[in-house]
Each structure stands twice: as structure tokens, then as C-alpha cells.
$ cat input23.cif   # mmCIF, N, CA and C atoms
data_protein
loop_
_atom_site.label_atom_id
_atom_site.label_comp_id
_atom_site.auth_asym_id
_atom_site.auth_seq_id
_atom_site.Cartn_x
_atom_site.Cartn_y
_atom_site.Cartn_z
N MET E 37 23.15 -10.85 4.12
CA MET E 37 23.02 -9.70 3.26
C MET E 37 22.12 -10.05 2.08
N THR E 38 21.21 -9.16 1.75
CA THR E 38 20.32 -9.40 0.62
C THR E 38 21.01 -9.01 -0.68
N ASP E 39 20.52 -9.56 -1.76
CA ASP E 39 21.07 -9.26 -3.07
C ASP E 39 20.45 -7.99 -3.62
N TRP E 40 21.15 -7.38 -4.57
CA TRP E 40 20.61 -6.24 -5.29
C TRP E 40 19.54 -6.73 -6.25
N VAL E 41 18.45 -6.00 -6.34
CA VAL E 41 17.33 -6.35 -7.21
C VAL E 41 17.26 -5.33 -8.34
N ASN E 42 17.20 -5.82 -9.58
CA ASN E 42 17.02 -4.94 -10.73
C ASN E 42 15.61 -4.38 -10.67
N ALA E 43 15.50 -3.05 -10.69
CA ALA E 43 14.19 -2.41 -10.56
C ALA E 43 13.67 -1.91 -11.90
N ILE E 44 14.45 -1.04 -12.57
CA ILE E 44 13.98 -0.42 -13.80
C ILE E 44 15.17 0.23 -14.50
N ASP E 45 15.09 0.32 -15.81
CA ASP E 45 16.09 1.07 -16.57
C ASP E 45 15.98 2.53 -16.15
N GLN E 46 17.10 3.15 -15.80
CA GLN E 46 17.03 4.51 -15.29
C GLN E 46 16.43 5.49 -16.29
N GLN E 47 16.53 5.22 -17.57
CA GLN E 47 15.96 6.11 -18.58
C GLN E 47 14.43 6.05 -18.60
N ARG E 48 13.85 5.00 -18.03
CA ARG E 48 12.39 4.84 -18.04
C ARG E 48 11.71 5.49 -16.83
N LEU E 49 12.50 5.97 -15.87
CA LEU E 49 11.92 6.61 -14.69
C LEU E 49 12.18 8.11 -14.79
N ALA E 50 11.19 8.83 -15.30
CA ALA E 50 11.32 10.26 -15.55
C ALA E 50 11.34 11.04 -14.24
N GLU E 51 11.89 12.24 -14.30
CA GLU E 51 11.94 13.11 -13.13
C GLU E 51 10.53 13.35 -12.59
N GLY E 52 10.39 13.20 -11.27
CA GLY E 52 9.11 13.40 -10.61
C GLY E 52 8.23 12.16 -10.58
N GLU E 53 8.69 11.07 -11.20
CA GLU E 53 7.91 9.82 -11.22
C GLU E 53 8.48 8.83 -10.21
N ASN E 54 7.69 7.78 -9.96
CA ASN E 54 8.16 6.69 -9.10
C ASN E 54 7.65 5.37 -9.65
N VAL E 55 8.27 4.31 -9.18
CA VAL E 55 7.87 2.95 -9.52
C VAL E 55 7.96 2.12 -8.24
N VAL E 56 7.06 1.16 -8.09
CA VAL E 56 7.09 0.28 -6.92
C VAL E 56 7.58 -1.09 -7.38
N VAL E 57 8.55 -1.63 -6.64
CA VAL E 57 9.12 -2.94 -6.96
C VAL E 57 9.12 -3.79 -5.70
N ASP E 58 9.12 -5.10 -5.90
CA ASP E 58 9.21 -6.04 -4.80
C ASP E 58 10.68 -6.34 -4.52
N VAL E 59 11.10 -6.12 -3.29
CA VAL E 59 12.46 -6.42 -2.86
C VAL E 59 12.38 -7.39 -1.69
N ASP E 60 12.60 -8.64 -1.98
CA ASP E 60 12.55 -9.68 -0.95
C ASP E 60 11.25 -9.64 -0.14
N GLY E 61 10.12 -9.43 -0.84
CA GLY E 61 8.81 -9.44 -0.18
C GLY E 61 8.37 -8.10 0.38
N THR E 62 9.16 -7.06 0.18
CA THR E 62 8.82 -5.71 0.65
C THR E 62 8.57 -4.82 -0.55
N ASP E 63 7.45 -4.09 -0.55
CA ASP E 63 7.19 -3.12 -1.62
C ASP E 63 8.04 -1.88 -1.37
N VAL E 64 8.84 -1.54 -2.38
CA VAL E 64 9.75 -0.40 -2.29
C VAL E 64 9.43 0.57 -3.42
N ALA E 65 9.25 1.84 -3.07
CA ALA E 65 8.98 2.88 -4.05
C ALA E 65 10.29 3.59 -4.38
N ILE E 66 10.61 3.63 -5.67
CA ILE E 66 11.82 4.31 -6.13
C ILE E 66 11.39 5.59 -6.83
N PHE E 67 11.99 6.71 -6.41
CA PHE E 67 11.64 8.04 -6.91
C PHE E 67 12.81 8.64 -7.67
N ASN E 68 12.48 9.41 -8.71
CA ASN E 68 13.46 10.23 -9.41
C ASN E 68 13.16 11.68 -9.03
N ILE E 69 14.06 12.28 -8.27
CA ILE E 69 13.91 13.67 -7.86
C ILE E 69 15.13 14.43 -8.38
N ALA E 70 14.88 15.28 -9.36
CA ALA E 70 15.94 16.10 -9.97
C ALA E 70 17.11 15.24 -10.46
N GLY E 71 16.78 14.08 -11.03
CA GLY E 71 17.80 13.22 -11.60
C GLY E 71 18.52 12.32 -10.61
N GLU E 72 18.15 12.40 -9.34
CA GLU E 72 18.71 11.52 -8.31
C GLU E 72 17.63 10.51 -7.92
N PHE E 73 18.06 9.31 -7.57
CA PHE E 73 17.13 8.23 -7.26
C PHE E 73 17.16 7.91 -5.77
N TYR E 74 15.95 7.70 -5.21
CA TYR E 74 15.78 7.41 -3.79
C TYR E 74 14.77 6.29 -3.65
N ALA E 75 14.93 5.48 -2.60
CA ALA E 75 14.02 4.36 -2.38
C ALA E 75 13.53 4.36 -0.94
N ILE E 76 12.21 4.24 -0.77
CA ILE E 76 11.59 4.14 0.54
C ILE E 76 10.60 2.98 0.54
N GLU E 77 10.32 2.47 1.72
CA GLU E 77 9.29 1.44 1.82
C GLU E 77 7.95 2.06 1.44
N ASP E 78 7.18 1.34 0.65
CA ASP E 78 5.89 1.84 0.18
C ASP E 78 4.82 1.58 1.23
N VAL E 79 4.97 2.26 2.37
CA VAL E 79 4.01 2.10 3.46
C VAL E 79 4.02 3.36 4.32
N CYS E 80 2.85 3.84 4.65
CA CYS E 80 2.73 4.97 5.57
C CYS E 80 2.81 4.42 6.99
N SER E 81 3.68 5.00 7.80
CA SER E 81 3.82 4.50 9.17
C SER E 81 2.62 4.85 10.06
N HIS E 82 1.73 5.66 9.56
CA HIS E 82 0.53 6.02 10.32
C HIS E 82 -0.49 4.89 10.33
N ASP E 83 -0.78 4.32 9.14
CA ASP E 83 -1.83 3.29 9.11
C ASP E 83 -1.48 2.08 8.25
N GLY E 84 -0.27 2.01 7.73
CA GLY E 84 0.16 0.83 6.98
C GLY E 84 -0.27 0.81 5.52
N ALA E 85 -0.92 1.86 5.05
CA ALA E 85 -1.37 1.91 3.65
C ALA E 85 -0.19 2.24 2.74
N GLU E 86 -0.35 1.97 1.44
CA GLU E 86 0.69 2.33 0.48
C GLU E 86 0.80 3.85 0.41
N ILE E 87 1.98 4.33 0.01
CA ILE E 87 2.18 5.77 -0.03
C ILE E 87 2.61 6.28 -1.39
N ALA E 88 3.09 5.41 -2.26
CA ALA E 88 3.68 5.83 -3.54
C ALA E 88 2.69 6.56 -4.45
N SER E 89 1.40 6.33 -4.29
CA SER E 89 0.42 7.01 -5.15
C SER E 89 0.11 8.42 -4.68
N GLY E 90 0.73 8.83 -3.57
CA GLY E 90 0.52 10.17 -3.05
C GLY E 90 1.20 11.22 -3.91
N GLU E 91 0.92 12.47 -3.60
CA GLU E 91 1.51 13.60 -4.34
C GLU E 91 2.94 13.84 -3.88
N LEU E 92 3.83 14.05 -4.84
CA LEU E 92 5.21 14.40 -4.55
C LEU E 92 5.32 15.92 -4.53
N ASP E 93 5.82 16.47 -3.42
CA ASP E 93 5.99 17.92 -3.27
C ASP E 93 7.45 18.17 -2.93
N GLY E 94 8.24 18.52 -3.94
CA GLY E 94 9.69 18.65 -3.75
C GLY E 94 10.28 17.29 -3.44
N ASP E 95 10.87 17.14 -2.25
CA ASP E 95 11.40 15.84 -1.86
C ASP E 95 10.53 15.15 -0.80
N GLU E 96 9.27 15.57 -0.71
CA GLU E 96 8.34 14.97 0.25
C GLU E 96 7.19 14.28 -0.47
N ILE E 97 6.81 13.11 0.04
CA ILE E 97 5.64 12.39 -0.46
C ILE E 97 4.52 12.61 0.56
N ILE E 98 3.33 12.91 0.04
CA ILE E 98 2.17 13.15 0.89
C ILE E 98 1.27 11.92 0.82
N CYS E 99 0.99 11.32 1.97
CA CYS E 99 0.16 10.12 2.00
C CYS E 99 -1.22 10.44 1.43
N PRO E 100 -1.69 9.62 0.49
CA PRO E 100 -2.98 9.88 -0.13
C PRO E 100 -4.18 9.66 0.80
N ARG E 101 -3.98 9.00 1.92
CA ARG E 101 -5.11 8.71 2.81
C ARG E 101 -5.35 9.80 3.86
N HIS E 102 -4.31 10.18 4.58
CA HIS E 102 -4.53 11.11 5.70
C HIS E 102 -3.59 12.31 5.69
N GLY E 103 -2.75 12.45 4.66
CA GLY E 103 -1.94 13.65 4.51
C GLY E 103 -0.61 13.69 5.25
N ALA E 104 -0.21 12.59 5.88
CA ALA E 104 1.11 12.57 6.50
C ALA E 104 2.16 12.82 5.41
N ARG E 105 3.26 13.44 5.79
CA ARG E 105 4.32 13.76 4.83
C ARG E 105 5.62 13.11 5.29
N PHE E 106 6.39 12.62 4.31
CA PHE E 106 7.68 11.99 4.58
C PHE E 106 8.72 12.51 3.59
N CYS E 107 9.95 12.67 4.06
CA CYS E 107 11.05 13.01 3.17
C CYS E 107 11.45 11.76 2.40
N VAL E 108 11.41 11.82 1.10
CA VAL E 108 11.77 10.66 0.27
C VAL E 108 13.26 10.34 0.39
N LYS E 109 14.07 11.35 0.64
CA LYS E 109 15.52 11.15 0.73
C LYS E 109 15.94 10.43 2.00
N THR E 110 15.24 10.70 3.11
CA THR E 110 15.66 10.17 4.41
C THR E 110 14.63 9.26 5.08
N GLY E 111 13.39 9.29 4.62
CA GLY E 111 12.31 8.54 5.26
C GLY E 111 11.74 9.24 6.48
N GLU E 112 12.28 10.41 6.82
CA GLU E 112 11.85 11.14 8.01
C GLU E 112 10.42 11.65 7.87
N VAL E 113 9.63 11.44 8.93
CA VAL E 113 8.27 11.96 8.95
C VAL E 113 8.35 13.47 9.10
N LYS E 114 7.53 14.19 8.33
CA LYS E 114 7.54 15.64 8.34
C LYS E 114 6.25 16.24 8.84
N CYS E 115 5.17 15.43 8.90
CA CYS E 115 3.88 15.99 9.28
C CYS E 115 2.97 14.88 9.81
N ALA E 116 2.28 15.18 10.89
CA ALA E 116 1.28 14.26 11.44
C ALA E 116 0.18 14.03 10.40
N PRO E 117 -0.55 12.94 10.51
CA PRO E 117 -0.74 12.12 11.69
C PRO E 117 0.31 11.03 11.89
N ALA E 118 1.32 10.92 11.04
CA ALA E 118 2.38 9.94 11.26
C ALA E 118 3.41 10.52 12.23
N TYR E 119 4.02 9.64 13.02
CA TYR E 119 5.05 10.05 13.97
C TYR E 119 6.30 9.18 13.86
N GLU E 120 6.24 8.13 13.06
CA GLU E 120 7.40 7.26 12.88
C GLU E 120 7.91 7.36 11.46
N ASN E 121 9.24 7.38 11.31
CA ASN E 121 9.87 7.42 9.99
C ASN E 121 9.57 6.14 9.24
N ILE E 122 9.80 6.16 7.92
CA ILE E 122 9.69 4.94 7.12
C ILE E 122 11.08 4.57 6.61
N ALA E 123 11.25 3.29 6.32
CA ALA E 123 12.56 2.76 5.93
C ALA E 123 12.99 3.29 4.57
N THR E 124 14.28 3.52 4.45
CA THR E 124 14.89 3.87 3.17
C THR E 124 15.80 2.72 2.76
N PHE E 125 16.13 2.67 1.48
CA PHE E 125 16.92 1.56 0.95
C PHE E 125 18.03 2.10 0.05
N PRO E 126 19.19 1.41 0.05
CA PRO E 126 20.27 1.85 -0.84
C PRO E 126 19.93 1.59 -2.30
N ILE E 127 20.43 2.49 -3.14
CA ILE E 127 20.22 2.44 -4.59
C ILE E 127 21.59 2.46 -5.25
N ARG E 128 21.71 1.77 -6.34
CA ARG E 128 22.89 1.91 -7.20
C ARG E 128 22.44 1.74 -8.63
N ILE E 129 23.28 2.20 -9.54
CA ILE E 129 23.00 2.05 -10.97
C ILE E 129 24.11 1.21 -11.58
N GLU E 130 23.73 0.11 -12.21
CA GLU E 130 24.66 -0.80 -12.87
C GLU E 130 24.24 -0.94 -14.32
N ASN E 131 25.12 -0.52 -15.22
CA ASN E 131 24.85 -0.62 -16.66
C ASN E 131 23.50 -0.01 -17.04
N GLY E 132 23.16 1.13 -16.43
CA GLY E 132 21.92 1.83 -16.76
C GLY E 132 20.68 1.30 -16.07
N THR E 133 20.83 0.30 -15.20
CA THR E 133 19.70 -0.28 -14.48
C THR E 133 19.74 0.17 -13.02
N ILE E 134 18.62 0.69 -12.54
CA ILE E 134 18.51 1.05 -11.13
C ILE E 134 18.34 -0.24 -10.34
N GLN E 135 19.17 -0.40 -9.33
CA GLN E 135 19.09 -1.55 -8.45
C GLN E 135 18.86 -1.08 -7.02
N VAL E 136 18.17 -1.88 -6.25
CA VAL E 136 17.86 -1.56 -4.86
C VAL E 136 18.01 -2.84 -4.04
N ARG E 137 18.28 -2.67 -2.76
CA ARG E 137 18.32 -3.85 -1.88
C ARG E 137 17.84 -3.47 -0.49
N ASP E 138 17.37 -4.47 0.23
CA ASP E 138 16.89 -4.27 1.59
C ASP E 138 18.06 -4.55 2.52
N SER E 139 18.65 -3.49 3.05
CA SER E 139 19.84 -3.63 3.89
C SER E 139 19.50 -3.63 5.39
N ARG E 140 18.22 -3.66 5.72
CA ARG E 140 17.83 -3.57 7.14
C ARG E 140 18.32 -4.73 7.98
N TRP E 141 18.58 -5.87 7.39
CA TRP E 141 18.93 -7.06 8.17
C TRP E 141 20.40 -7.43 8.01
N ASP E 142 21.18 -6.56 7.39
CA ASP E 142 22.62 -6.84 7.21
C ASP E 142 23.36 -6.76 8.53
#
$ encode --input "input23.cif" --output "C-alpha cells"
Amino acid sequence: MTDWVNAIDQQRLAEGENVVVDVDGTDVAIFNIAGEFYAIEDVCSHDGAEIASGELDGDEIICPRHGARFCVKTGEVKCAPAYENIATFPIRIENGTIQVRDSRWD
């Protein structure tokens, strides 16, 4: 089991913003959507490029390269040219700090 990684003070991540953190060698994008926090792997399953710099539309992130869309809450692909979902990660808040961990190998 991987350890929880301190990402950012929850007060510093405003609604509609995201931050990318390293979690055991994986870039993870943490989003604040309507005061709730979600974490996805910062990679488009279409071509492997980063996705966090894309436009956020509701709870979907739009890949800045080719326009694929993914649900930030579930990692589910919503629009081609991607056809594979992207990984999501558990989030918790401890003493005002957003923490994330890579639970894929647990």
C-alpha cells in the first residue's frame, strides 16, 4: 500500500482550479469542483500527453491537444479520440491539507 502524499492546503486550491503533484512517480492532477476535490492521472489516454492544462467544463476536462474529454470525478472517457478511461485516485483532507495516494497497486 502506498502512503498518503501531502498535496496542497485546501484553502489554496480555489474552485475550478487544479494542481499537479507527484505521487510515487506519477503526475496526479487534483481538481476543486464546487468545493469537492478529485484526483486523476495527468495523462490523456489517447496520446499520453498531460491533460491538466486543458479546459474544465463542469466536471469534464478537455484535452488541450486533441479535444478528448474525461470525467474528472470518475476518469471515464466522454469523447473521442480517446477510448480508454484514465486512473482516479483517492483523496482525503487531514488538518486542512489535501492528501492523495496511488491505490492502483494495493
$ resolve_selection --input "input23.cif" --expression "the PyMOL selection byres ((chain E and resi 86-97) around 6.5)" --output "list of chain:residue names"
E:Ala65, E:Asp78, E:Val79, E:Cys80, E:Gly84, E:Ala85, E:Ile98, E:Cys99, E:Pro100, E:Ala104, E:Arg105, E:Phe106, E:Cys107, E:Val108, E:Lys109
$ residues_near_point --input "input23.cif" --point "(21.0, 4.9, -7.2)" --cutoff "8 Å" --atoms "only N, CA and C atoms" --output "ChimeraX atom specification"
/E:72-75,126-130,133-136
$ atom_distance --input "input23.cif" --atom1 "atom N of Trp40 of chain E" --atom2 "atom N of Asp138 of chain E"
6.8 Å
$ closest_residue --input "input23.cif" --among "E:Ala50, E:Asp58, E:Glu77, E:Ser139" --to "Asn121 of chain E" --atoms "only C-alpha atoms"
E:Glu77
$ select_by_dssp --input "input23.cif" --residues "chain E" --states "strand (DSSP E or B)" --output "mmCIF file with N, CA and C atoms, keeping the file's coordinate frame"
data_model
loop_
_atom_site.group_PDB
_atom_site.id
_atom_site.type_symbol
_atom_site.label_atom_id
_atom_site.label_comp_id
_atom_site.auth_asym_id
_atom_site.auth_seq_id
_atom_site.Cartn_x
_atom_site.Cartn_y
_atom_site.Cartn_z
ATOM 1 N N VAL E 41 18.450 -6.000 -6.340
ATOM 2 C CA VAL E 41 17.330 -6.350 -7.210
ATOM 3 C C VAL E 41 17.260 -5.330 -8.340
ATOM 4 N N ASN E 42 17.200 -5.820 -9.580
ATOM 5 C CA ASN E 42 17.020 -4.940 -10.730
ATOM 6 C C ASN E 42 15.610 -4.380 -10.670
ATOM 7 N N ALA E 43 15.500 -3.050 -10.690
ATOM 8 C CA ALA E 43 14.190 -2.410 -10.560
ATOM 9 C C ALA E 43 13.670 -1.910 -11.900
ATOM 10 N N ILE E 44 14.450 -1.040 -12.570
ATOM 11 C CA ILE E 44 13.980 -0.420 -13.800
ATOM 12 C C ILE E 44 15.170 0.230 -14.500
ATOM 13 N N ASP E 45 15.090 0.320 -15.810
ATOM 14 C CA ASP E 45 16.090 1.070 -16.570
ATOM 15 C C ASP E 45 15.980 2.530 -16.150
ATOM 16 N N ASN E 54 7.690 7.780 -9.960
ATOM 17 C CA ASN E 54 8.160 6.690 -9.100
ATOM 18 C C ASN E 54 7.650 5.370 -9.650
ATOM 19 N N VAL E 55 8.270 4.310 -9.180
ATOM 20 C CA VAL E 55 7.870 2.950 -9.520
ATOM 21 C C VAL E 55 7.960 2.120 -8.240
ATOM 22 N N VAL E 56 7.060 1.160 -8.090
ATOM 23 C CA VAL E 56 7.090 0.280 -6.920
ATOM 24 C C VAL E 56 7.580 -1.090 -7.380
ATOM 25 N N VAL E 57 8.550 -1.630 -6.640
ATOM 26 C CA VAL E 57 9.120 -2.940 -6.960
ATOM 27 C C VAL E 57 9.120 -3.790 -5.700
ATOM 28 N N ASP E 58 9.120 -5.100 -5.900
ATOM 29 C CA ASP E 58 9.210 -6.040 -4.800
ATOM 30 C C ASP E 58 10.680 -6.340 -4.520
ATOM 31 N N VAL E 59 11.100 -6.120 -3.290
ATOM 32 C CA VAL E 59 12.460 -6.420 -2.860
ATOM 33 C C VAL E 59 12.380 -7.390 -1.690
ATOM 34 N N THR E 62 9.160 -7.060 0.180
ATOM 35 C CA THR E 62 8.820 -5.710 0.650
ATOM 36 C C THR E 62 8.570 -4.820 -0.550
ATOM 37 N N ASP E 63 7.450 -4.090 -0.550
ATOM 38 C CA ASP E 63 7.190 -3.120 -1.620
ATOM 39 C C ASP E 63 8.040 -1.880 -1.370
ATOM 40 N N VAL E 64 8.840 -1.540 -2.380
ATOM 41 C CA VAL E 64 9.750 -0.400 -2.290
ATOM 42 C C VAL E 64 9.430 0.570 -3.420
ATOM 43 N N ALA E 65 9.250 1.840 -3.070
ATOM 44 C CA ALA E 65 8.980 2.880 -4.050
ATOM 45 C C ALA E 65 10.290 3.590 -4.380
ATOM 46 N N ILE E 66 10.610 3.630 -5.670
ATOM 47 C CA ILE E 66 11.820 4.310 -6.130
ATOM 48 C C ILE E 66 11.390 5.590 -6.830
ATOM 49 N N PHE E 67 11.990 6.710 -6.410
ATOM 50 C CA PHE E 67 11.640 8.040 -6.910
ATOM 51 C C PHE E 67 12.810 8.640 -7.670
ATOM 52 N N ASN E 68 12.480 9.410 -8.710
ATOM 53 C CA ASN E 68 13.460 10.230 -9.410
ATOM 54 C C ASN E 68 13.160 11.680 -9.030
ATOM 55 N N ILE E 69 14.060 12.280 -8.270
ATOM 56 C CA ILE E 69 13.910 13.670 -7.860
ATOM 57 C C ILE E 69 15.130 14.430 -8.380
ATOM 58 N N GLU E 72 18.150 12.400 -9.340
ATOM 59 C CA GLU E 72 18.710 11.520 -8.310
ATOM 60 C C GLU E 72 17.630 10.510 -7.920
ATOM 61 N N PHE E 73 18.060 9.310 -7.570
ATOM 62 C CA PHE E 73 17.130 8.230 -7.260
ATOM 63 C C PHE E 73 17.160 7.910 -5.770
ATOM 64 N N TYR E 74 15.950 7.700 -5.210
ATOM 65 C CA TYR E 74 15.780 7.410 -3.790
ATOM 66 C C TYR E 74 14.770 6.290 -3.650
ATOM 67 N N ALA E 75 14.930 5.480 -2.600
ATOM 68 C CA ALA E 75 14.020 4.360 -2.380
ATOM 69 C C ALA E 75 13.530 4.360 -0.940
ATOM 70 N N ILE E 76 12.210 4.240 -0.770
ATOM 71 C CA ILE E 76 11.590 4.140 0.540
ATOM 72 C C ILE E 76 10.600 2.980 0.540
ATOM 73 N N GLU E 77 10.320 2.470 1.720
ATOM 74 C CA GLU E 77 9.290 1.440 1.820
ATOM 75 C C GLU E 77 7.950 2.060 1.440
ATOM 76 N N GLU E 91 0.920 12.470 -3.600
ATOM 77 C CA GLU E 91 1.510 13.600 -4.340
ATOM 78 C C GLU E 91 2.940 13.840 -3.880
ATOM 79 N N LEU E 92 3.830 14.050 -4.840
ATOM 80 C CA LEU E 92 5.210 14.400 -4.550
ATOM 81 C C LEU E 92 5.320 15.920 -4.530
ATOM 82 N N ASP E 93 5.820 16.470 -3.420
ATOM 83 C CA ASP E 93 5.990 17.920 -3.270
ATOM 84 C C ASP E 93 7.450 18.170 -2.930
ATOM 85 N N GLU E 96 9.270 15.570 -0.710
ATOM 86 C CA GLU E 96 8.340 14.970 0.250
ATOM 87 C C GLU E 96 7.190 14.280 -0.470
ATOM 88 N N ILE E 97 6.810 13.110 0.040
ATOM 89 C CA ILE E 97 5.640 12.390 -0.460
ATOM 90 C C ILE E 97 4.520 12.610 0.560
ATOM 91 N N ILE E 98 3.330 12.910 0.040
ATOM 92 C CA ILE E 98 2.170 13.150 0.890
ATOM 93 C C ILE E 98 1.270 11.920 0.820
ATOM 94 N N ARG E 105 3.260 13.440 5.790
ATOM 95 C CA ARG E 105 4.320 13.760 4.830
ATOM 96 C C ARG E 105 5.620 13.110 5.290
ATOM 97 N N PHE E 106 6.390 12.620 4.310
ATOM 98 C CA PHE E 106 7.680 11.990 4.580
ATOM 99 C C PHE E 106 8.720 12.510 3.590
ATOM 100 N N CYS E 107 9.950 12.670 4.060
ATOM 101 C CA CYS E 107 11.050 13.010 3.170
ATOM 102 C C CYS E 107 11.450 11.760 2.400
ATOM 103 N N VAL E 113 9.630 11.440 8.930
ATOM 104 C CA VAL E 113 8.270 11.960 8.950
ATOM 105 C C VAL E 113 8.350 13.470 9.100
ATOM 106 N N LYS E 114 7.530 14.190 8.330
ATOM 107 C CA LYS E 114 7.540 15.640 8.340
ATOM 108 C C LYS E 114 6.250 16.240 8.840
ATOM 109 N N CYS E 115 5.170 15.430 8.900
ATOM 110 C CA CYS E 115 3.880 15.990 9.280
ATOM 111 C C CYS E 115 2.970 14.880 9.810
ATOM 112 N N THR E 124 14.280 3.520 4.450
ATOM 113 C CA THR E 124 14.890 3.870 3.170
ATOM 114 C C THR E 124 15.800 2.720 2.760
ATOM 115 N N PHE E 125 16.130 2.670 1.480
ATOM 116 C CA PHE E 125 16.920 1.560 0.950
ATOM 117 C C PHE E 125 18.030 2.100 0.050
ATOM 118 N N ILE E 127 20.430 2.490 -3.140
ATOM 119 C CA ILE E 127 20.220 2.440 -4.590
ATOM 120 C C ILE E 127 21.590 2.460 -5.250
ATOM 121 N N ARG E 128 21.710 1.770 -6.340
ATOM 122 C CA ARG E 128 22.890 1.910 -7.200
ATOM 123 C C ARG E 128 22.440 1.740 -8.630
ATOM 124 N N ILE E 129 23.280 2.200 -9.540
ATOM 125 C CA ILE E 129 23.000 2.050 -10.970
ATOM 126 C C ILE E 129 24.110 1.210 -11.580
ATOM 127 N N GLU E 130 23.730 0.110 -12.210
ATOM 128 C CA GLU E 130 24.660 -0.800 -12.870
ATOM 129 C C GLU E 130 24.240 -0.940 -14.320
ATOM 130 N N THR E 133 20.830 0.300 -15.200
ATOM 131 C CA THR E 133 19.700 -0.280 -14.480
ATOM 132 C C THR E 133 19.740 0.170 -13.020
ATOM 133 N N ILE E 134 18.620 0.690 -12.540
ATOM 134 C CA ILE E 134 18.510 1.050 -11.130
ATOM 135 C C ILE E 134 18.340 -0.240 -10.340
ATOM 136 N N GLN E 135 19.170 -0.400 -9.330
ATOM 137 C CA GLN E 135 19.090 -1.550 -8.450
ATOM 138 C C GLN E 135 18.860 -1.080 -7.020
ATOM 139 N N VAL E 136 18.170 -1.880 -6.250
ATOM 140 C CA VAL E 136 17.860 -1.560 -4.860
ATOM 141 C C VAL E 136 18.010 -2.840 -4.040
#
$ atom_distance --input "input23.cif" --atom1 "atom N of Arg101 of chain E" --atom2 "atom CA of Arg140 of chain E"
25.7 Å
$ atom_distance --input "input23.cif" --atom1 "atom CA of Ala43 of chain E" --atom2 "atom CA of Thr124 of chain E"
15.1 Å
$ resolve_selection --input "input23.cif" --expression "the PyMOL selection byres ((chain E and resi 46) around 5)" --output "PyMOL selection string"
chain E and resi 44-45+47-49+132-134
